[in-house]
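Shown next: data.txt, containing compact mmCIF, C-alpha atoms and all ligand atoms.
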# COMPACT_ATOMS: atom_id res chain seq x y z
CA MET A 1 92.35 -79.55 126.19
CA ALA A 2 88.64 -79.99 125.30
CA GLU A 3 86.96 -77.39 123.07
CA PRO A 4 85.67 -74.62 125.40
CA THR A 5 81.87 -74.39 125.68
CA TYR A 6 79.74 -71.54 126.92
CA SER A 7 76.41 -71.64 128.75
CA ARG A 8 74.85 -68.49 130.19
CA GLY A 9 74.84 -68.63 133.98
CA MET A 10 76.87 -71.87 133.63
CA ALA A 11 73.55 -73.72 133.33
CA GLY A 12 74.18 -77.41 132.71
CA VAL A 13 77.97 -76.99 132.90
CA ILE A 14 79.78 -79.68 134.86
CA ALA A 15 82.26 -77.67 136.92
CA GLY A 16 83.83 -80.39 139.05
CA GLU A 17 83.40 -83.72 140.78
CA THR A 18 81.77 -84.41 144.12
CA ALA A 19 80.99 -87.41 146.30
CA ILE A 20 78.81 -85.37 148.67
CA ALA A 21 75.36 -85.04 147.11
CA THR A 22 73.23 -85.88 144.10
CA VAL A 23 70.61 -83.33 143.06
CA GLY A 24 68.19 -85.08 140.75
CA GLN A 25 70.88 -86.56 138.47
CA GLU A 26 69.55 -89.38 136.33
CA GLY A 27 68.60 -92.34 138.48
CA HIS A 28 69.07 -90.39 141.71
CA GLY A 29 66.91 -88.13 143.81
CA LEU A 30 68.38 -85.77 146.34
CA THR A 31 70.90 -87.73 148.39
CA TYR A 32 73.58 -86.80 150.89
CA ARG A 33 76.48 -89.27 150.73
CA GLY A 34 74.07 -91.78 149.19
CA TYR A 35 71.27 -91.42 151.74
CA SER A 36 67.88 -90.24 150.51
CA ILE A 37 66.75 -86.84 151.80
CA PHE A 38 63.42 -88.46 152.73
CA ASP A 39 65.13 -91.01 155.01
CA LEU A 40 67.33 -88.33 156.55
CA ALA A 41 64.39 -85.96 157.15
CA GLU A 42 62.43 -88.77 158.78
CA HIS A 43 65.07 -90.55 160.84
CA ALA A 44 68.16 -88.37 161.31
CA THR A 45 68.98 -85.37 163.42
CA PHE A 46 70.80 -82.39 161.95
CA GLU A 47 73.91 -83.30 163.96
CA GLU A 48 73.99 -86.77 162.36
CA VAL A 49 73.58 -85.18 158.94
CA ALA A 50 76.35 -82.62 159.58
CA TRP A 51 78.68 -85.45 160.64
CA LEU A 52 77.68 -87.48 157.59
CA LEU A 53 78.48 -84.58 155.30
CA LEU A 54 81.81 -83.82 156.96
CA HIS A 55 83.02 -87.42 157.32
CA GLY A 56 81.22 -89.34 154.58
CA GLU A 57 79.61 -91.89 156.94
CA LEU A 58 76.86 -91.81 159.55
CA PRO A 59 78.32 -91.38 163.04
CA THR A 60 78.43 -94.22 165.54
CA ALA A 61 76.74 -93.51 168.89
CA ASP A 62 80.14 -92.64 170.41
CA GLU A 63 81.14 -90.38 167.54
CA LEU A 64 77.80 -88.57 167.73
CA ALA A 65 78.05 -88.10 171.48
CA GLY A 66 81.58 -86.68 171.15
CA PHE A 67 80.52 -84.41 168.29
CA LYS A 68 77.53 -83.06 170.23
CA ALA A 69 79.65 -82.47 173.31
CA ARG A 70 82.15 -80.45 171.25
CA LEU A 71 79.29 -78.47 169.67
CA LEU A 72 78.00 -77.63 173.16
CA ALA A 73 81.48 -76.49 174.18
CA GLY A 74 81.79 -74.31 171.07
CA ARG A 75 78.77 -72.11 171.80
CA ALA A 76 80.46 -69.47 173.96
CA LEU A 77 81.71 -66.43 172.05
CA PRO A 78 84.99 -64.64 172.78
CA LYS A 79 84.61 -61.24 174.43
CA ALA A 80 86.15 -59.46 171.43
CA LEU A 81 83.56 -61.00 169.10
CA ARG A 82 80.70 -60.02 171.41
CA HIS A 83 82.12 -56.51 171.37
CA VAL A 84 82.19 -56.47 167.55
CA LEU A 85 78.58 -57.69 167.42
CA GLU A 86 77.48 -54.99 169.88
CA GLN A 87 78.77 -52.32 167.48
CA LEU A 88 76.50 -53.42 164.63
CA PRO A 89 73.26 -51.47 164.29
CA SER A 90 69.82 -53.02 164.73
CA THR A 91 69.14 -52.02 161.13
CA SER A 92 71.85 -54.40 159.82
CA HIS A 93 70.60 -57.36 157.89
CA PRO A 94 71.32 -60.46 160.00
CA MET A 95 73.07 -62.02 156.98
CA ASP A 96 75.55 -59.15 157.08
CA VAL A 97 75.96 -59.78 160.81
CA LEU A 98 76.73 -63.46 160.22
CA ARG A 99 79.18 -62.59 157.46
CA THR A 100 80.91 -60.11 159.78
CA GLY A 101 80.83 -62.53 162.71
CA VAL A 102 82.55 -65.30 160.74
CA SER A 103 85.12 -62.86 159.41
CA ALA A 104 85.82 -61.54 162.93
CA LEU A 105 86.13 -65.06 164.33
CA GLY A 106 88.70 -65.73 161.62
CA CYS A 107 90.78 -62.87 163.03
CA LEU A 108 90.43 -64.09 166.62
CA GLU A 109 90.87 -67.84 166.03
CA PRO A 110 92.66 -67.98 162.66
CA GLU A 111 93.29 -71.20 160.80
CA PRO A 112 96.93 -72.28 161.14
CA GLU A 113 99.10 -72.26 158.03
CA PRO A 114 99.59 -74.69 156.48
CA ALA A 115 96.10 -76.10 157.04
CA THR A 116 95.95 -79.46 158.84
CA PRO A 117 93.05 -81.96 158.89
CA ASP A 118 92.74 -81.66 162.68
CA ALA A 119 92.61 -77.88 162.65
CA GLN A 120 90.08 -77.76 159.82
CA GLN A 121 87.82 -80.21 161.68
CA ARG A 122 88.12 -78.15 164.85
CA ILE A 123 87.20 -74.96 162.97
CA ALA A 124 84.31 -76.72 161.23
CA GLU A 125 82.84 -77.78 164.57
CA ARG A 126 83.45 -74.34 166.03
CA LEU A 127 81.58 -72.68 163.17
CA ILE A 128 78.59 -75.05 163.36
CA ALA A 129 78.42 -74.51 167.12
CA ALA A 130 79.01 -70.75 167.19
CA LEU A 131 76.89 -69.49 164.29
CA PRO A 132 73.57 -69.61 166.21
CA SER A 133 75.34 -67.78 169.06
CA VAL A 134 76.68 -65.06 166.73
CA LEU A 135 73.27 -64.52 165.17
CA MET A 136 71.26 -64.52 168.36
CA TYR A 137 73.76 -62.62 170.50
CA TRP A 138 73.59 -59.73 168.03
CA TYR A 139 69.82 -60.06 167.58
CA GLN A 140 69.01 -59.94 171.30
CA PHE A 141 71.50 -57.13 171.93
CA ALA A 142 70.54 -54.97 168.94
CA HIS A 143 66.78 -55.44 169.26
CA HIS A 144 66.24 -55.87 173.00
CA GLY A 145 69.42 -54.54 174.64
CA ARG A 146 70.13 -57.96 176.22
CA GLN A 147 73.64 -59.40 176.58
CA ILE A 148 72.59 -63.06 176.53
CA ASP A 149 74.61 -66.09 177.58
CA THR A 150 74.85 -68.11 174.36
CA ALA A 151 76.33 -71.20 176.05
CA VAL A 152 72.96 -72.74 176.97
CA GLU A 153 72.96 -76.45 177.69
CA ASP A 154 70.42 -77.77 175.19
CA GLY A 155 71.72 -80.61 173.01
CA SER A 156 70.77 -79.73 169.42
CA VAL A 157 71.63 -76.90 167.02
CA ALA A 158 67.88 -76.40 166.39
CA GLY A 159 67.16 -76.27 170.13
CA HIS A 160 70.05 -73.88 170.70
CA PHE A 161 68.79 -71.44 168.09
CA LEU A 162 65.19 -71.55 169.32
CA HIS A 163 66.22 -71.32 172.96
CA LEU A 164 68.21 -68.15 172.26
CA LEU A 165 65.30 -66.73 170.25
CA TYR A 166 62.48 -67.57 172.68
CA GLY A 167 64.47 -67.17 175.90
CA HIS A 168 63.35 -70.66 176.93
CA MET A 169 63.42 -74.21 175.62
CA PRO A 170 61.23 -74.86 172.56
CA ASP A 171 58.68 -77.68 172.69
CA ALA A 172 59.43 -80.95 170.91
CA THR A 173 57.42 -80.09 167.77
CA GLN A 174 59.07 -76.70 167.37
CA GLN A 175 62.51 -78.20 167.86
CA ARG A 176 61.95 -81.04 165.41
CA ALA A 177 60.47 -78.69 162.79
CA VAL A 178 63.65 -76.60 162.81
CA ASP A 179 65.81 -79.74 163.00
CA VAL A 180 64.18 -81.12 159.82
CA SER A 181 64.48 -77.73 158.14
CA LEU A 182 68.22 -77.72 158.92
CA ILE A 183 68.52 -81.21 157.40
CA LEU A 184 66.75 -80.08 154.22
CA TYR A 185 68.92 -76.98 153.85
CA ALA A 186 72.25 -78.67 154.70
CA GLU A 187 73.62 -79.50 151.26
CA HIS A 188 72.79 -79.08 147.58
CA GLU A 189 75.80 -79.84 145.38
CA PHE A 190 77.25 -76.98 143.27
CA ASN A 191 74.72 -74.26 144.13
CA ALA A 192 75.99 -70.66 143.95
CA SER A 193 77.17 -70.29 147.55
CA THR A 194 78.83 -73.71 147.65
CA PHE A 195 80.55 -72.96 144.37
CA THR A 196 81.78 -69.70 145.89
CA ALA A 197 83.20 -71.70 148.79
CA ARG A 198 84.95 -74.07 146.40
CA ILE A 199 86.39 -71.25 144.32
CA THR A 200 87.79 -69.54 147.42
CA THR A 201 89.15 -72.85 148.70
CA SER A 202 90.80 -73.53 145.34
CA THR A 203 93.09 -70.52 145.85
CA LEU A 204 94.34 -72.22 149.07
CA SER A 205 92.60 -69.59 151.19
CA ASP A 206 91.48 -70.24 154.77
CA VAL A 207 88.17 -71.75 155.96
CA TYR A 208 86.79 -68.49 157.38
CA SER A 209 87.26 -66.70 154.05
CA THR A 210 85.37 -69.43 152.22
CA ILE A 211 82.43 -69.29 154.63
CA THR A 212 82.37 -65.48 154.65
CA GLY A 213 82.17 -65.46 150.84
CA ALA A 214 79.55 -68.19 150.81
CA ILE A 215 77.32 -66.25 153.22
CA GLY A 216 77.53 -63.21 150.95
CA THR A 217 76.48 -65.34 147.98
CA LEU A 218 73.62 -67.00 149.83
CA ARG A 219 72.19 -63.62 150.80
CA GLY A 220 70.65 -62.79 147.40
CA PRO A 221 66.94 -63.42 146.70
CA LEU A 222 67.67 -65.74 143.77
CA HIS A 223 69.39 -68.05 146.27
CA GLY A 224 68.90 -68.21 150.06
CA GLY A 225 67.15 -64.86 150.30
CA ALA A 226 64.15 -66.41 148.54
CA ASN A 227 62.63 -67.63 151.83
CA GLU A 228 62.39 -64.05 153.13
CA ALA A 229 61.12 -62.83 149.76
CA ALA A 230 58.46 -65.59 149.81
CA MET A 231 57.31 -64.39 153.24
CA ALA A 232 57.08 -60.81 151.95
CA LEU A 233 54.92 -62.16 149.13
CA ILE A 234 52.41 -64.11 151.25
CA GLU A 235 52.26 -61.92 154.35
CA PRO A 236 49.91 -59.18 153.04
CA LEU A 237 47.57 -61.61 151.26
CA GLN A 238 44.27 -61.94 153.13
CA ASN A 239 42.86 -65.14 151.66
CA ALA A 240 43.28 -67.64 148.81
CA ASP A 241 41.24 -65.58 146.29
CA ASP A 242 43.28 -62.50 147.11
CA ALA A 243 46.42 -64.61 146.54
CA GLU A 244 45.17 -65.83 143.15
CA ARG A 245 44.38 -62.29 142.03
CA TYR A 246 47.77 -61.02 143.16
CA ILE A 247 49.74 -63.81 141.47
CA MET A 248 47.84 -63.42 138.18
CA GLU A 249 48.67 -59.71 138.17
CA ALA A 250 52.30 -60.36 139.09
CA LEU A 251 52.66 -62.93 136.29
CA ALA A 252 51.08 -60.50 133.83
CA ARG A 253 53.81 -58.02 134.83
CA LYS A 254 56.34 -60.84 134.28
CA ASP A 255 57.44 -60.67 137.92
CA LYS A 256 59.44 -63.57 139.31
CA ILE A 257 57.51 -65.28 142.10
CA MET A 258 59.97 -65.96 144.89
CA GLY A 259 60.12 -69.51 146.18
CA PHE A 260 59.26 -71.05 142.78
CA GLY A 261 61.41 -72.69 140.15
CA HIS A 262 64.88 -74.11 140.29
CA ARG A 263 67.98 -74.23 138.13
CA VAL A 264 68.41 -78.00 138.40
CA TYR A 265 65.00 -79.47 139.27
CA ARG A 266 62.55 -79.50 136.40
CA VAL A 267 59.41 -81.16 137.82
CA SER A 268 59.48 -80.64 141.58
CA ASP A 269 61.80 -79.98 144.51
CA PRO A 270 61.68 -83.05 146.79
CA ARG A 271 62.49 -80.89 149.81
CA SER A 272 59.33 -78.88 149.29
CA ASP A 273 57.07 -81.88 149.99
CA VAL A 274 58.75 -82.40 153.36
CA ILE A 275 58.67 -78.79 154.50
CA LYS A 276 55.11 -78.39 153.22
CA GLY A 277 54.08 -81.20 155.59
CA TRP A 278 55.70 -79.32 158.45
CA ALA A 279 54.10 -76.04 157.41
CA LYS A 280 50.70 -77.79 157.60
CA THR A 281 51.47 -79.31 161.01
CA LEU A 282 52.55 -75.92 162.36
CA ALA A 283 49.58 -74.14 160.73
CA ASP A 284 47.22 -76.54 162.52
CA ALA A 285 49.13 -76.19 165.79
CA THR A 286 48.90 -72.39 165.68
CA GLY A 287 45.32 -72.25 164.36
CA ASP A 288 46.35 -70.55 161.09
CA THR A 289 43.52 -70.21 158.59
CA ARG A 290 45.18 -67.69 156.27
CA LEU A 291 48.84 -68.21 155.32
CA TYR A 292 48.70 -71.93 154.62
CA PRO A 293 45.62 -71.69 152.33
CA VAL A 294 47.19 -68.64 150.67
CA SER A 295 50.39 -70.64 150.05
CA GLU A 296 48.50 -73.64 148.67
CA ARG A 297 46.56 -71.43 146.26
CA ILE A 298 49.77 -69.78 145.03
CA GLU A 299 51.23 -73.24 144.46
CA ALA A 300 48.16 -74.25 142.42
CA VAL A 301 48.16 -71.05 140.34
CA MET A 302 51.90 -71.33 139.61
CA ARG A 303 51.46 -74.95 138.54
CA ARG A 304 48.47 -74.08 136.32
CA GLU A 305 49.86 -70.89 134.76
CA LYS A 306 53.61 -71.56 134.53
CA ASP A 307 54.02 -75.27 135.24
CA LEU A 308 56.34 -74.18 138.05
CA PHE A 309 56.65 -75.81 141.45
CA PRO A 310 57.57 -74.52 144.90
CA ASN A 311 61.19 -74.93 145.93
CA LEU A 312 62.32 -75.48 149.53
CA ASP A 313 62.13 -71.76 150.29
CA PHE A 314 58.41 -71.32 149.64
CA TYR A 315 56.87 -73.41 152.42
CA SER A 316 59.87 -72.75 154.69
CA ALA A 317 58.59 -69.18 154.88
CA SER A 318 55.20 -70.03 156.43
CA ALA A 319 56.71 -72.82 158.56
CA TYR A 320 59.20 -70.38 160.11
CA HIS A 321 56.49 -67.77 160.53
CA PHE A 322 54.31 -70.23 162.46
CA LEU A 323 57.32 -70.89 164.71
CA GLY A 324 57.38 -67.19 165.61
CA ILE A 325 60.71 -66.62 163.85
CA PRO A 326 61.12 -63.02 162.64
CA THR A 327 61.39 -62.87 158.83
CA PRO A 328 64.92 -61.34 158.72
CA LEU A 329 66.19 -64.48 160.49
CA PHE A 330 64.91 -66.85 157.76
CA THR A 331 67.94 -66.75 155.47
CA PRO A 332 70.35 -66.85 158.44
CA ILE A 333 68.77 -70.19 159.47
CA PHE A 334 69.79 -71.43 156.02
CA VAL A 335 73.38 -70.44 156.95
CA LEU A 336 73.25 -72.29 160.29
CA SER A 337 72.53 -75.42 158.27
CA ARG A 338 74.33 -74.98 154.94
CA VAL A 339 77.60 -74.23 156.71
CA SER A 340 77.88 -78.02 157.12
CA GLY A 341 77.59 -78.58 153.36
CA TRP A 342 79.97 -75.72 152.59
CA LEU A 343 82.55 -77.18 154.95
CA ALA A 344 82.21 -80.64 153.40
CA HIS A 345 82.93 -79.05 150.02
CA VAL A 346 85.91 -77.15 151.41
CA PHE A 347 87.41 -80.43 152.62
CA GLU A 348 86.62 -82.19 149.36
CA GLN A 349 88.12 -79.40 147.28
CA ARG A 350 91.24 -79.39 149.44
CA GLY A 351 91.55 -83.14 149.03
CA ASP A 352 91.95 -82.86 145.25
CA ASN A 353 92.56 -79.22 144.51
CA ARG A 354 93.04 -77.45 141.23
CA LEU A 355 92.57 -73.67 140.96
CA ILE A 356 89.05 -72.88 139.66
CA ARG A 357 89.56 -70.27 137.00
CA PRO A 358 87.18 -70.43 134.02
CA SER A 359 87.38 -68.28 130.89
CA ALA A 360 85.00 -65.73 129.37
CA VAL A 361 83.64 -64.96 125.92
CA TYR A 362 84.97 -61.47 125.16
CA THR A 363 82.26 -59.05 123.95
CA GLY A 364 84.13 -55.72 124.23
CA PRO A 365 85.57 -53.44 121.52
CA ASP A 366 88.29 -54.52 119.12
CA GLU A 367 91.80 -53.43 119.99
CA ARG A 368 92.10 -49.65 119.54
CA ALA A 369 94.62 -46.83 119.74
CA TRP A 370 95.34 -45.07 123.04
CA VAL A 371 93.64 -41.64 123.25
CA PRO A 372 95.54 -38.94 125.23
CA ILE A 373 93.38 -37.29 127.89
CA ASP A 374 93.16 -33.88 126.15
CA GLN A 375 91.70 -35.53 123.03
CA ARG A 376 88.83 -37.42 124.72
C1 LIG B 1 65.78 -70.36 140.83
C2 LIG B 1 65.90 -69.52 139.57
C3 LIG B 1 66.89 -68.38 139.81
C4 LIG B 1 66.42 -70.43 138.45
O1 LIG B 1 66.70 -69.60 137.40
P1 LIG B 1 67.09 -70.08 135.93
O2 LIG B 1 67.45 -71.52 135.91
O3 LIG B 1 68.08 -69.11 135.43
O4 LIG B 1 65.74 -70.00 135.18
P2 LIG B 1 65.19 -68.73 134.42
O5 LIG B 1 65.22 -67.56 135.33
O6 LIG B 1 65.94 -68.62 133.13
O7 LIG B 1 63.70 -69.16 134.15
C5 LIG B 1 63.25 -69.94 133.05
C6 LIG B 1 61.83 -69.49 132.72
O8 LIG B 1 60.96 -69.75 133.83
C7 LIG B 1 60.45 -68.52 134.38
N1 LIG B 1 60.57 -68.57 135.81
C8 LIG B 1 61.52 -69.23 136.52
N2 LIG B 1 61.31 -69.05 137.83
C9 LIG B 1 60.22 -68.26 137.93
C10 LIG B 1 59.53 -67.73 139.01
N3 LIG B 1 59.95 -67.98 140.27
N4 LIG B 1 58.46 -66.96 138.79
C11 LIG B 1 58.04 -66.71 137.53
N5 LIG B 1 58.66 -67.21 136.44
C12 LIG B 1 59.73 -67.96 136.64
C13 LIG B 1 61.37 -67.44 133.81
O9 LIG B 1 60.73 -66.18 133.74
C14 LIG B 1 61.74 -67.99 132.47
O10 LIG B 1 60.66 -67.78 131.60
P3 LIG B 1 60.93 -67.37 130.08
O11 LIG B 1 61.67 -68.55 129.49
O12 LIG B 1 59.56 -67.14 129.53
O13 LIG B 1 61.77 -66.14 130.13
C15 LIG B 1 64.53 -68.96 139.16
O14 LIG B 1 63.59 -70.01 139.03
C16 LIG B 1 64.04 -67.91 140.14
O15 LIG B 1 64.41 -66.75 140.02
N6 LIG B 1 63.20 -68.33 141.14
C17 LIG B 1 62.77 -67.41 142.16
C18 LIG B 1 63.84 -67.26 143.23
C19 LIG B 1 63.96 -68.47 144.10
O16 LIG B 1 62.96 -69.02 144.56
N7 LIG B 1 65.20 -68.87 144.38
C20 LIG B 1 65.49 -70.00 145.23
C21 LIG B 1 66.01 -71.12 144.43
S1 LIG B 1 66.17 -72.60 145.42

Just give me the structure of the file as structure tokens.
Ligand SMILES: CC(C)(COP(=O)(O)OP(=O)(O)OC[C@H]1O[C@@H](n2cnc3c(N)ncnc32)[C@H](O)[C@@H]1OP(=O)(O)O)[C@@H](O)C(=O)NCCC(=O)NCCS
Amino acid sequence: MAEPTYSRGMAGVIAGETAIATVGQEGHGLTYRGYSIFDLAEHATFEEVAWLLLHGELPTADELAGFKARLLAGRALPKALRHVLEQLPSTSHPMDVLRTGVSALGCLEPEPEPATPDAQQRIAERLIAALPSVLMYWYQFAHHGRQIDTAVEDGSVAGHFLHLLYGHMPDATQQRAVDVSLILYAEHEFNASTFTARITTSTLSDVYSTITGAIGTLRGPLHGGANEAAMALIEPLQNADDAERYIMEALARKDKIMGFGHRVYRVSDPRSDVIKGWAKTLADATGDTRLYPVSERIEAVMRREKDLFPNLDFYSASAYHFLGIPTPLFTPIFVLSRVSGWLAHVFEQRGDNRLIRPSAVYTGPDERAWVPIDQR
């Protein structure tokens, strides 16, 4: 066995092998199954990307049509799940709702034991199809008292989500903006939530448990929660000068600025350039003269003061805001997308499994004598 090494936060540690994505490794940019994120964001739909992640190859026209038809069929929620969602208060965080919804679905439609490739594919498609329904069924019930029909007939995951949010079909720009955002969020190698999914999978647990755990991990502001935290940062700022003043003060306090920096990327996050373009398009379409200039100034100040760059979450915040998406739904959108990457990792881990169980550097007291309770 190799000499054990230790790195705080496992930074730089190679914790496994993957054929799913490269994240800025030498000679590579961000790629999914070998395809550049820029090509995918320009040419693909989220459904094609989800298939690519799950199967390793781009779908043929027939495969894509079959996949989309099964996603459409998977949008209806069982009555028992709707009932569970109706019990959750409007004050719940939607990430907690998604976590609960996946867990409940795992009780209602459990994965057979032992797991089979067919069953795991079926569950994967069910989860991709049903997550927007879970989120929006609860949201419309808890916030507006509506028991909506989630099985609407629009063809894309992005369109489904926006349709359930708006109560009508989105326009083409709105739909494509969310579609591209889903592509950008779909996969990112051994990030914290994906690693959680792989750890859970490595114990031979079921798919629902892996996704439930991954949602819980994504929730935190150092990971997926950063897009909501970025919105909270920019929302009160009135103009670019106000933004500069605020950021300078925050940096002087040594605050972390949400939506900036990355564990793996050192110079820039390629996904940020793409979503920034969409944030600008949507700002122009909605006549915004505040949040986009505020965001650009924050980017410039962070570059000048800290040599830090925006990650995908920073401009996602204003883009989603321009789409009329309520801030608490930002991180859940990440789930609707990343579930495809998580599932690809579940399958990959299952294909060549070894229990993931690292070791720790012990920093506690030396061995000592037992002290009876009356002598403590
Ligand atoms: C993503 C993140 C967790 C990576 O963390 P990490 O690899 O452990 O990096 P560190 O937190 O050790 O940061 C290294 C240095 O950069 C600084 N830094 C990193 N991100 C920063 C940020 N967003 N704002 C201000 N300073 C930041 C740290 O303070 C630290 O400075 P120091 O060496 O003077 O102490 C971190 O950049 C962060 O907290 N970003 C904000 C949250 C976010 O946007 N998350 C989404 C990631 S996609």

*asked:* Using Å and a single decimal, report how far CA of Gly261 in chain A sits from CA of Leu52 in chain A.
replied: 28.1 Å

*When distances are computed from only C-alpha atoms, which of A:Ala279, A:Ala229, A:Ile325, A:Ala285 shows the smallest separation from Gly259 in chain A?*
A:Ala229

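Closest approach to Ile37 in chain A from the set A:Ile14, A:Leu218, A:Val49, A:Val339 is made by A:Val49, with distances taken over all atoms listed in the file.
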
Sorted per-residue table, range 196-287 of chain A near range 169-179 of chain A, closest atoms and distance, 10 Å, only C-alpha atoms, as JSON lines:
{"residue": "A:Ile275", "atom": "CA", "partner": "A:Ala177", "partner_atom": "CA", "distance": 8.5}
{"residue": "A:Gly277", "atom": "CA", "partner": "A:Ala177", "partner_atom": "CA", "distance": 9.9}
{"residue": "A:Trp278", "atom": "CA", "partner": "A:Ala177", "partner_atom": "CA", "distance": 6.5}
{"residue": "A:Ala279", "atom": "CA", "partner": "A:Ala177", "partner_atom": "CA", "distance": 8.7}
{"residue": "A:Thr281", "atom": "CA", "partner": "A:Thr173", "partner_atom": "CA", "distance": 9.0}
{"residue": "A:Leu282", "atom": "CA", "partner": "A:Gln174", "partner_atom": "CA", "distance": 8.3}
{"residue": "A:Ala285", "atom": "CA", "partner": "A:Thr173", "partner_atom": "CA", "distance": 9.4}

*Take atom S1 of ligand LIG 1 (chain B) and CA of Asn191 in chain A and report the distance between them in Å, one decimal.*
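About the pair atom S1 of ligand LIG 1 (chain B) and CA of Asn191 in chain A: they are 8.8 Å apart.
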
Each residue of chain A lying at most 6 Å from ligand LIG 1 (chain B) should get a row with its shortest atom-to-atom pair and the distance in Å to one decimal, counting only C-alpha atoms and all ligand atoms; could you produce that, ordered by chain and increasing number, as a tab-separated table?
residue	atom	partner	partner_atom	distance
A:Leu222	CA	B:LIG1	N7	4.0
A:His223	CA	B:LIG1	C20	4.5
A:Ala226	CA	B:LIG1	C19	4.9
A:Lys256	CA	B:LIG1	N4	3.6
A:Ile257	CA	B:LIG1	N4	3.8
A:Met258	CA	B:LIG1	C17	4.2
A:Gly259	CA	B:LIG1	O16	3.3
A:Phe260	CA	B:LIG1	N3	4.0
A:Gly261	CA	B:LIG1	O14	3.6
A:His262	CA	B:LIG1	C1	3.9
A:Arg263	CA	B:LIG1	O2	3.5
A:Asn311	CA	B:LIG1	S1	5.5

Start from the incomplete input, build N, CA, C and O atoms for range 65-77 of chain A, and deliver everything as a PDB file, in the coordinates of the input.
ATOM      1  N   ALA A  65      78.012 -88.685 170.134  1.00  0.00           N
ATOM      2  CA  ALA A  65      78.050 -88.100 171.480  1.00  0.00           C
ATOM      3  C   ALA A  65      79.233 -87.142 171.613  1.00  0.00           C
ATOM      4  O   ALA A  65      79.108 -86.035 172.157  1.00  0.00           O
ATOM      5  N   GLY A  66      80.388 -87.547 171.081  1.00  0.00           N
ATOM      6  CA  GLY A  66      81.580 -86.680 171.150  1.00  0.00           C
ATOM      7  C   GLY A  66      81.371 -85.402 170.346  1.00  0.00           C
ATOM      8  O   GLY A  66      81.715 -84.299 170.787  1.00  0.00           O
ATOM      9  N   PHE A  67      80.788 -85.557 169.177  1.00  0.00           N
ATOM     10  CA  PHE A  67      80.520 -84.410 168.290  1.00  0.00           C
ATOM     11  C   PHE A  67      79.586 -83.418 168.989  1.00  0.00           C
ATOM     12  O   PHE A  67      79.848 -82.214 169.040  1.00  0.00           O
ATOM     13  N   LYS A  68      78.499 -83.945 169.566  1.00  0.00           N
ATOM     14  CA  LYS A  68      77.530 -83.060 170.230  1.00  0.00           C
ATOM     15  C   LYS A  68      78.147 -82.371 171.442  1.00  0.00           C
ATOM     16  O   LYS A  68      77.867 -81.192 171.711  1.00  0.00           O
ATOM     17  N   ALA A  69      79.003 -83.087 172.154  1.00  0.00           N
ATOM     18  CA  ALA A  69      79.650 -82.470 173.310  1.00  0.00           C
ATOM     19  C   ALA A  69      80.563 -81.323 172.861  1.00  0.00           C
ATOM     20  O   ALA A  69      80.610 -80.256 173.487  1.00  0.00           O
ATOM     21  N   ARG A  70      81.266 -81.522 171.751  1.00  0.00           N
ATOM     22  CA  ARG A  70      82.150 -80.450 171.250  1.00  0.00           C
ATOM     23  C   ARG A  70      81.322 -79.270 170.726  1.00  0.00           C
ATOM     24  O   ARG A  70      81.718 -78.118 170.868  1.00  0.00           O
ATOM     25  N   LEU A  71      80.157 -79.566 170.129  1.00  0.00           N
ATOM     26  CA  LEU A  71      79.290 -78.470 169.670  1.00  0.00           C
ATOM     27  C   LEU A  71      78.793 -77.649 170.863  1.00  0.00           C
ATOM     28  O   LEU A  71      78.734 -76.416 170.802  1.00  0.00           O
ATOM     29  N   LEU A  72      78.441 -78.351 171.944  1.00  0.00           N
ATOM     30  CA  LEU A  72      78.000 -77.630 173.160  1.00  0.00           C
ATOM     31  C   LEU A  72      79.121 -76.717 173.657  1.00  0.00           C
ATOM     32  O   LEU A  72      78.895 -75.552 173.999  1.00  0.00           O
ATOM     33  N   ALA A  73      80.341 -77.249 173.656  1.00  0.00           N
ATOM     34  CA  ALA A  73      81.480 -76.490 174.180  1.00  0.00           C
ATOM     35  C   ALA A  73      81.838 -75.309 173.277  1.00  0.00           C
ATOM     36  O   ALA A  73      82.499 -74.370 173.734  1.00  0.00           O
ATOM     37  N   GLY A  74      81.413 -75.364 172.019  1.00  0.00           N
ATOM     38  CA  GLY A  74      81.790 -74.310 171.070  1.00  0.00           C
ATOM     39  C   GLY A  74      80.800 -73.162 170.990  1.00  0.00           C
ATOM     40  O   GLY A  74      80.915 -72.291 170.116  1.00  0.00           O
ATOM     41  N   ARG A  75      79.826 -73.136 171.900  1.00  0.00           N
ATOM     42  CA  ARG A  75      78.770 -72.110 171.800  1.00  0.00           C
ATOM     43  C   ARG A  75      79.144 -70.752 172.398  1.00  0.00           C
ATOM     44  O   ARG A  75      78.539 -69.746 172.047  1.00  0.00           O
ATOM     45  N   ALA A  76      80.089 -70.744 173.326  1.00  0.00           N
ATOM     46  CA  ALA A  76      80.460 -69.470 173.960  1.00  0.00           C
ATOM     47  C   ALA A  76      81.252 -68.623 172.963  1.00  0.00           C
ATOM     48  O   ALA A  76      82.060 -69.153 172.191  1.00  0.00           O
ATOM     49  N   LEU A  77      81.011 -67.327 172.985  1.00  0.00           N
ATOM     50  CA  LEU A  77      81.710 -66.430 172.050  1.00  0.00           C
ATOM     51  C   LEU A  77      82.801 -65.660 172.792  1.00  0.00           C
ATOM     52  O   LEU A  77      82.583 -65.215 173.921  1.00  0.00           O
TER      53      LEU A  77
END
